[in-house]
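Some notes on the structure that comes next.
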Amino acid sequence: MKKSYILICFVIFIATKSFSQIGGSYVYDFLNLPSNARTAALGGTVLTVKDRDLSMAFQNPAVLNKEMNNQLSLSYIPYLSDIKYGYAAYAHTYDKIGTFSGGIQFVNYGKFDAADETGAITGSFNAADYSFNIAYAHQMDSLFSIGATLKTIYSHYEDYNSFGMAVDVAANYFNAEKQVCMTIIARNVGYQVTSYTPDNHEPLPIELQFGISKKLSKAPFRFGLNVTHLEKFDITFDNPNDATETDPLTGLPVEEKTTTANKILRHFIPSLELVISKNFMIQAAYNFQRRNELAYTTRKSTSGFSFGFGFGIKRFTFNYGRAIYNLAGGSSHFTVNVALGNADKK
């Protein structure tokens, strides 16, 4: 128990002492994309699902456990503007040591036309991001577990390349009897080893997150709340193009001031999972920040909402998640988990 508290303090310390910004001021932002369908359905960030779903370990390595032994997870996302990305992982448990997983996250931005300063087409080029990671979790006692993910990052845009290293460190509390789960995690703590241009090293998207969930004992509902960017209070982006009024003297748009309540709510992602059985679930969530940043000012519609479902058949489980950004559309996420060989023998 004492060791668990020490780790939690360490997670908070390394995140708050590290340089952190949001809103396009860092590199490797693809690391924050929801890597699987269930995460996308639950709002894009979810830390407190500890079951046999290996795909959830990318968000939180501390939820790796022996039920994921010898499991393969594959995710594919046909993203916006023909961008495609995905994630693949495999887990194995070693008795008295813990559970390990290895995975790869990739984003393919497609092919682009190359042009000179006059606009003449000179050829084409590709752009892509990759992250190879190794995760480990150890069950300290019946309630507490710790985990970490080491990420090696490679980015390639035309003739520009970059290499970086990062680590996620997490502590998890899970009471199976009361069905309460809590996690604190520091994500993407690292360094850009090789920059795109000489002597221009940029910060990584370091973030401190907290999550809590509770499943009702006599009803099939799991309520969750994830809190993002604990290291920075004001995460608003004020876009002058969203202004609805103009100054009568200057003719310039008048920016609306963001209230304190709005700033606070941007950190919270509430979610609900209907656990009909261990082989069938339905998810829904609301991302306040996404709605405020991506929705059209005049027609917000269902921006910020997400939903999905998952079902299992023998050794296979399939999950689908849909995230709605604005009236222009959203993204669909597909994940398949496969229990291989002697997956249940650990």
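In the structure tokens, chains take letters A, B, ... by order of appearance, with residues numbered from 1 within each chain and ligands from 1 in the order shown.
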task = Taking the DSSP assignment computed from this structure's backbone, write out as a ChimeraX atom specification all residues of region 193-332 of chain A that belong to strand (DSSP E).
result = /A:193-194,207-215,221-227,245-246,253-254,268-277,280-286,305-313,316-326,329-332
Exercise: Asn226 (chain A) partners within 12 Å, only C-alpha atoms, chain neighbours under 4 positions left out, as a ChimeraX atom specification = /A:39,42-49,59,181-185,208-213,230,265-272,285-288
key: From A:Arg38, A:His156, A:Arg222, A:Arg52, residue lying nearest Asn319 (chain A) [only C-alpha atoms]   =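 Using only C-alpha atoms, the shortest distance to Asn319 (chain A) belongs to A:Arg38.
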key: For region 121-132 of chain A: contacts at 6 Å, only C-alpha atoms, fewer than 5 positions along chain excluded, given as a list in words   =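 Those residues are Gly103, Ile104, Gln105, Phe106, Val107, Asn108, Tyr109, Gly110, Lys111, Phe112, Asp113, Ala114, Ala115, Lys151, Thr152, Ile153, Tyr154, Ser155, His156, Tyr157 and Glu158 of chain A.
Our summary of the geometry notes that CA of Ala170 (chain A) is positioned 24.8 Å from CA of Gly321 (chain A).
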task = Find, counting only C-alpha atoms, the residue in A:Asp199, A:Thr118, A:Ser145, A:Tyr191 that gets nearest to Asn175 (chain A).
result = A:Ser145
query = So which bits of region 44-211 of chain A end up helix (DSSP H, G or I) when you DSSP the backbone, as a list in words?
reply = Leu54, Ser55, Met56, Ala57, Phe58, Pro61, Ala62, Val63, Lys66, Glu67, Met68, Leu80, Ser81 and Asp82 of chain A
So that I have them on file, write out the residues from the current selection with N, CA, C and O atoms, as an mmCIF file, in the first residue's frame.
data_model
loop_
_atom_site.group_PDB
_atom_site.id
_atom_site.type_symbol
_atom_site.label_atom_id
_atom_site.label_comp_id
_atom_site.auth_asym_id
_atom_site.auth_seq_id
_atom_site.Cartn_x
_atom_site.Cartn_y
_atom_site.Cartn_z
ATOM 1 N N LEU A 54 -7.527 -6.116 -24.253
ATOM 2 C CA LEU A 54 -6.139 -5.675 -24.392
ATOM 3 C C LEU A 54 -6.035 -4.284 -25.008
ATOM 4 O O LEU A 54 -5.111 -3.529 -24.685
ATOM 5 N N SER A 55 -6.961 -3.923 -25.877
ATOM 6 C CA SER A 55 -6.856 -2.638 -26.569
ATOM 7 C C SER A 55 -6.895 -1.453 -25.609
ATOM 8 O O SER A 55 -6.413 -0.372 -25.929
ATOM 9 N N MET A 56 -7.431 -1.636 -24.402
ATOM 10 C CA MET A 56 -7.521 -0.543 -23.439
ATOM 11 C C MET A 56 -6.180 -0.242 -22.772
ATOM 12 O O MET A 56 -6.015 0.800 -22.136
ATOM 13 N N ALA A 57 -5.225 -1.138 -22.911
ATOM 14 C CA ALA A 57 -3.935 -0.956 -22.244
ATOM 15 C C ALA A 57 -3.089 0.128 -22.887
ATOM 16 O O ALA A 57 -2.136 0.617 -22.263
ATOM 17 N N PHE A 58 -3.392 0.525 -24.114
ATOM 18 C CA PHE A 58 -2.627 1.600 -24.739
ATOM 19 C C PHE A 58 -2.871 2.915 -24.011
ATOM 20 O O PHE A 58 -1.964 3.722 -23.845
ATOM 21 N N PRO A 61 -1.403 1.581 -19.204
ATOM 22 C CA PRO A 61 -0.690 0.306 -19.068
ATOM 23 C C PRO A 61 -0.952 -0.409 -17.749
ATOM 24 O O PRO A 61 -0.758 -1.625 -17.656
ATOM 25 N N ALA A 62 -1.420 0.297 -16.725
ATOM 26 C CA ALA A 62 -1.656 -0.328 -15.425
ATOM 27 C C ALA A 62 -2.832 -1.286 -15.434
ATOM 28 O O ALA A 62 -3.005 -2.045 -14.480
ATOM 29 N N VAL A 63 -3.672 -1.255 -16.492
ATOM 30 C CA VAL A 63 -4.806 -2.187 -16.546
ATOM 31 C C VAL A 63 -4.432 -3.501 -17.234
ATOM 32 O O VAL A 63 -5.268 -4.400 -17.350
ATOM 33 N N LYS A 66 -3.527 -10.592 -16.279
ATOM 34 C CA LYS A 66 -3.327 -11.950 -16.779
ATOM 35 C C LYS A 66 -4.452 -12.443 -17.674
ATOM 36 O O LYS A 66 -4.254 -13.396 -18.444
ATOM 37 N N GLU A 67 -5.633 -11.828 -17.613
ATOM 38 C CA GLU A 67 -6.723 -12.221 -18.505
ATOM 39 C C GLU A 67 -6.439 -11.837 -19.953
ATOM 40 O O GLU A 67 -7.109 -12.314 -20.872
ATOM 41 N N MET A 68 -5.461 -10.983 -20.170
ATOM 42 C CA MET A 68 -5.084 -10.581 -21.532
ATOM 43 C C MET A 68 -3.985 -11.464 -22.098
ATOM 44 O O MET A 68 -3.512 -11.230 -23.216
ATOM 45 N N LEU A 80 -10.340 11.181 -41.019
ATOM 46 C CA LEU A 80 -10.779 12.271 -41.868
ATOM 47 C C LEU A 80 -9.813 12.496 -43.028
ATOM 48 O O LEU A 80 -8.621 12.226 -42.927
ATOM 49 N N SER A 81 -10.344 13.018 -44.148
ATOM 50 C CA SER A 81 -9.548 13.415 -45.322
ATOM 51 C C SER A 81 -8.638 12.296 -45.808
ATOM 52 O O SER A 81 -7.460 12.514 -46.132
ATOM 53 N N ASP A 82 -9.161 11.084 -45.833
ATOM 54 C CA ASP A 82 -8.427 9.908 -46.326
ATOM 55 C C ASP A 82 -7.232 9.530 -45.463
ATOM 56 O O ASP A 82 -6.388 8.730 -45.886
#
task = Please provide as a list in words all residues within 8 Å of Leu150 (chain A), with the sequence filter that same-chain residues fewer than 6 positions apart are discarded (counting only C-alpha atoms).
result = Asn133, Ile134, Ala135, Met165, Ala166, Val167 and Asp168 of chain A
inquiry  = So the first atom is CA of Ala41 (chain A) and the second is CA of Ile324 (chain A); what is the distance between them in Å, to one decimal place?
reply    =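 It comes out at 9.8 Å.
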ask   = To one decimal place, how far is CA of Gln139 (chain A) from CA of Gly102 (chain A) in Å?
value = 18.4 Å
ask   = Nearest to Ile206 (chain A) among A:Tyr28, A:Thr149, A:Ala120, A:Ser73, with distances taken over only C-alpha atoms: which residue is it?
value =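 For Ile206 (chain A), the nearest of the candidates is A:Tyr28.
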Near region 310-314 of chain A, counting only C-alpha atoms, which residues have an atom at most 6 Å away, once you skip same-chain residues fewer than 3 positions from it, shown as a PDB file with N, CA, C and O atoms, in the first residue's frame?
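Dumped to around_28.pdb:
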ATOM      1  N   ASN A 279     -20.048 -10.447 -22.733  1.00  0.00           N
ATOM      2  CA  ASN A 279     -19.881 -10.574 -24.178  1.00  0.00           C
ATOM      3  C   ASN A 279     -20.688  -9.560 -24.975  1.00  0.00           C
ATOM      4  O   ASN A 279     -20.706  -9.630 -26.214  1.00  0.00           O
ATOM      5  N   PHE A 280     -21.345  -8.609 -24.310  1.00  0.00           N
ATOM      6  CA  PHE A 280     -22.092  -7.593 -25.053  1.00  0.00           C
ATOM      7  C   PHE A 280     -22.188  -6.311 -24.235  1.00  0.00           C
ATOM      8  O   PHE A 280     -22.675  -6.326 -23.105  1.00  0.00           O
ATOM      9  N   MET A 281     -21.713  -5.206 -24.820  1.00  0.00           N
ATOM     10  CA  MET A 281     -21.701  -3.923 -24.132  1.00  0.00           C
ATOM     11  C   MET A 281     -22.061  -2.805 -25.109  1.00  0.00           C
ATOM     12  O   MET A 281     -21.796  -2.902 -26.311  1.00  0.00           O
ATOM     13  N   THR A 317     -13.570 -10.926 -30.045  1.00  0.00           N
ATOM     14  CA  THR A 317     -14.439  -9.822 -29.629  1.00  0.00           C
ATOM     15  C   THR A 317     -14.306  -8.708 -30.674  1.00  0.00           C
ATOM     16  O   THR A 317     -13.216  -8.455 -31.203  1.00  0.00           O
ATOM     17  N   PHE A 318     -15.418  -8.078 -30.950  1.00  0.00           N
ATOM     18  CA  PHE A 318     -15.459  -7.000 -31.944  1.00  0.00           C
ATOM     19  C   PHE A 318     -16.042  -5.749 -31.307  1.00  0.00           C
ATOM     20  O   PHE A 318     -17.055  -5.816 -30.595  1.00  0.00           O
ATOM     21  N   ASN A 319     -15.395  -4.602 -31.534  1.00  0.00           N
ATOM     22  CA  ASN A 319     -15.873  -3.325 -31.004  1.00  0.00           C
ATOM     23  C   ASN A 319     -15.964  -2.287 -32.118  1.00  0.00           C
ATOM     24  O   ASN A 319     -15.096  -2.230 -33.007  1.00  0.00           O
TER      25      ASN A 319
END
inquiry  = Applying 12 Å and only C-alpha atoms, which residues near Tyr94 (chain A) remain after dropping the ones on its own chain fewer than 3 positions away? List them as JSON, numbers by chain.
reply    = {"A": [65, 66, 67, 68, 69, 70, 91, 97, 98, 99, 100, 101, 136, 137, 138, 139, 345, 346]}
Would you export the selected residues with C-alpha atoms as a compact mmCIF listing (two decimals), in the first residue's frame, please?
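Generated file (out.txt):
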# COMPACT_ATOMS: atom_id res chain seq x y z
CA ASN A 65 -3.59 -8.18 -16.46
CA LYS A 66 -3.33 -11.95 -16.78
CA GLU A 67 -6.72 -12.22 -18.50
CA MET A 68 -5.08 -10.58 -21.53
CA ASN A 69 -2.47 -13.32 -21.77
CA ASN A 70 -1.74 -14.47 -25.33
CA ALA A 91 0.20 -9.45 -24.59
CA ILE A 97 6.56 -11.08 -12.85
CA GLY A 98 3.61 -9.45 -14.54
CA THR A 99 2.05 -8.84 -17.94
CA PHE A 100 3.89 -7.43 -20.94
CA SER A 101 2.57 -6.16 -24.24
CA TYR A 136 4.41 -3.66 -18.51
CA ALA A 137 2.08 -3.97 -15.54
CA HIS A 138 2.57 -5.53 -12.12
CA GLN A 139 -0.17 -6.39 -9.64
CA LYS A 345 -4.20 -20.85 -18.99
CA LYS A 346 -2.42 -18.12 -17.02
message = So that I can check the surroundings of Tyr26 (chain A), please list as a list in words every protein, DNA and RNA residue that reaches within 7 Å of it, counting only C-alpha atoms and ignoring chain neighbours fewer than 4 positions away.
response = Glu202, Pro203, Leu204 and Pro205 of chain A
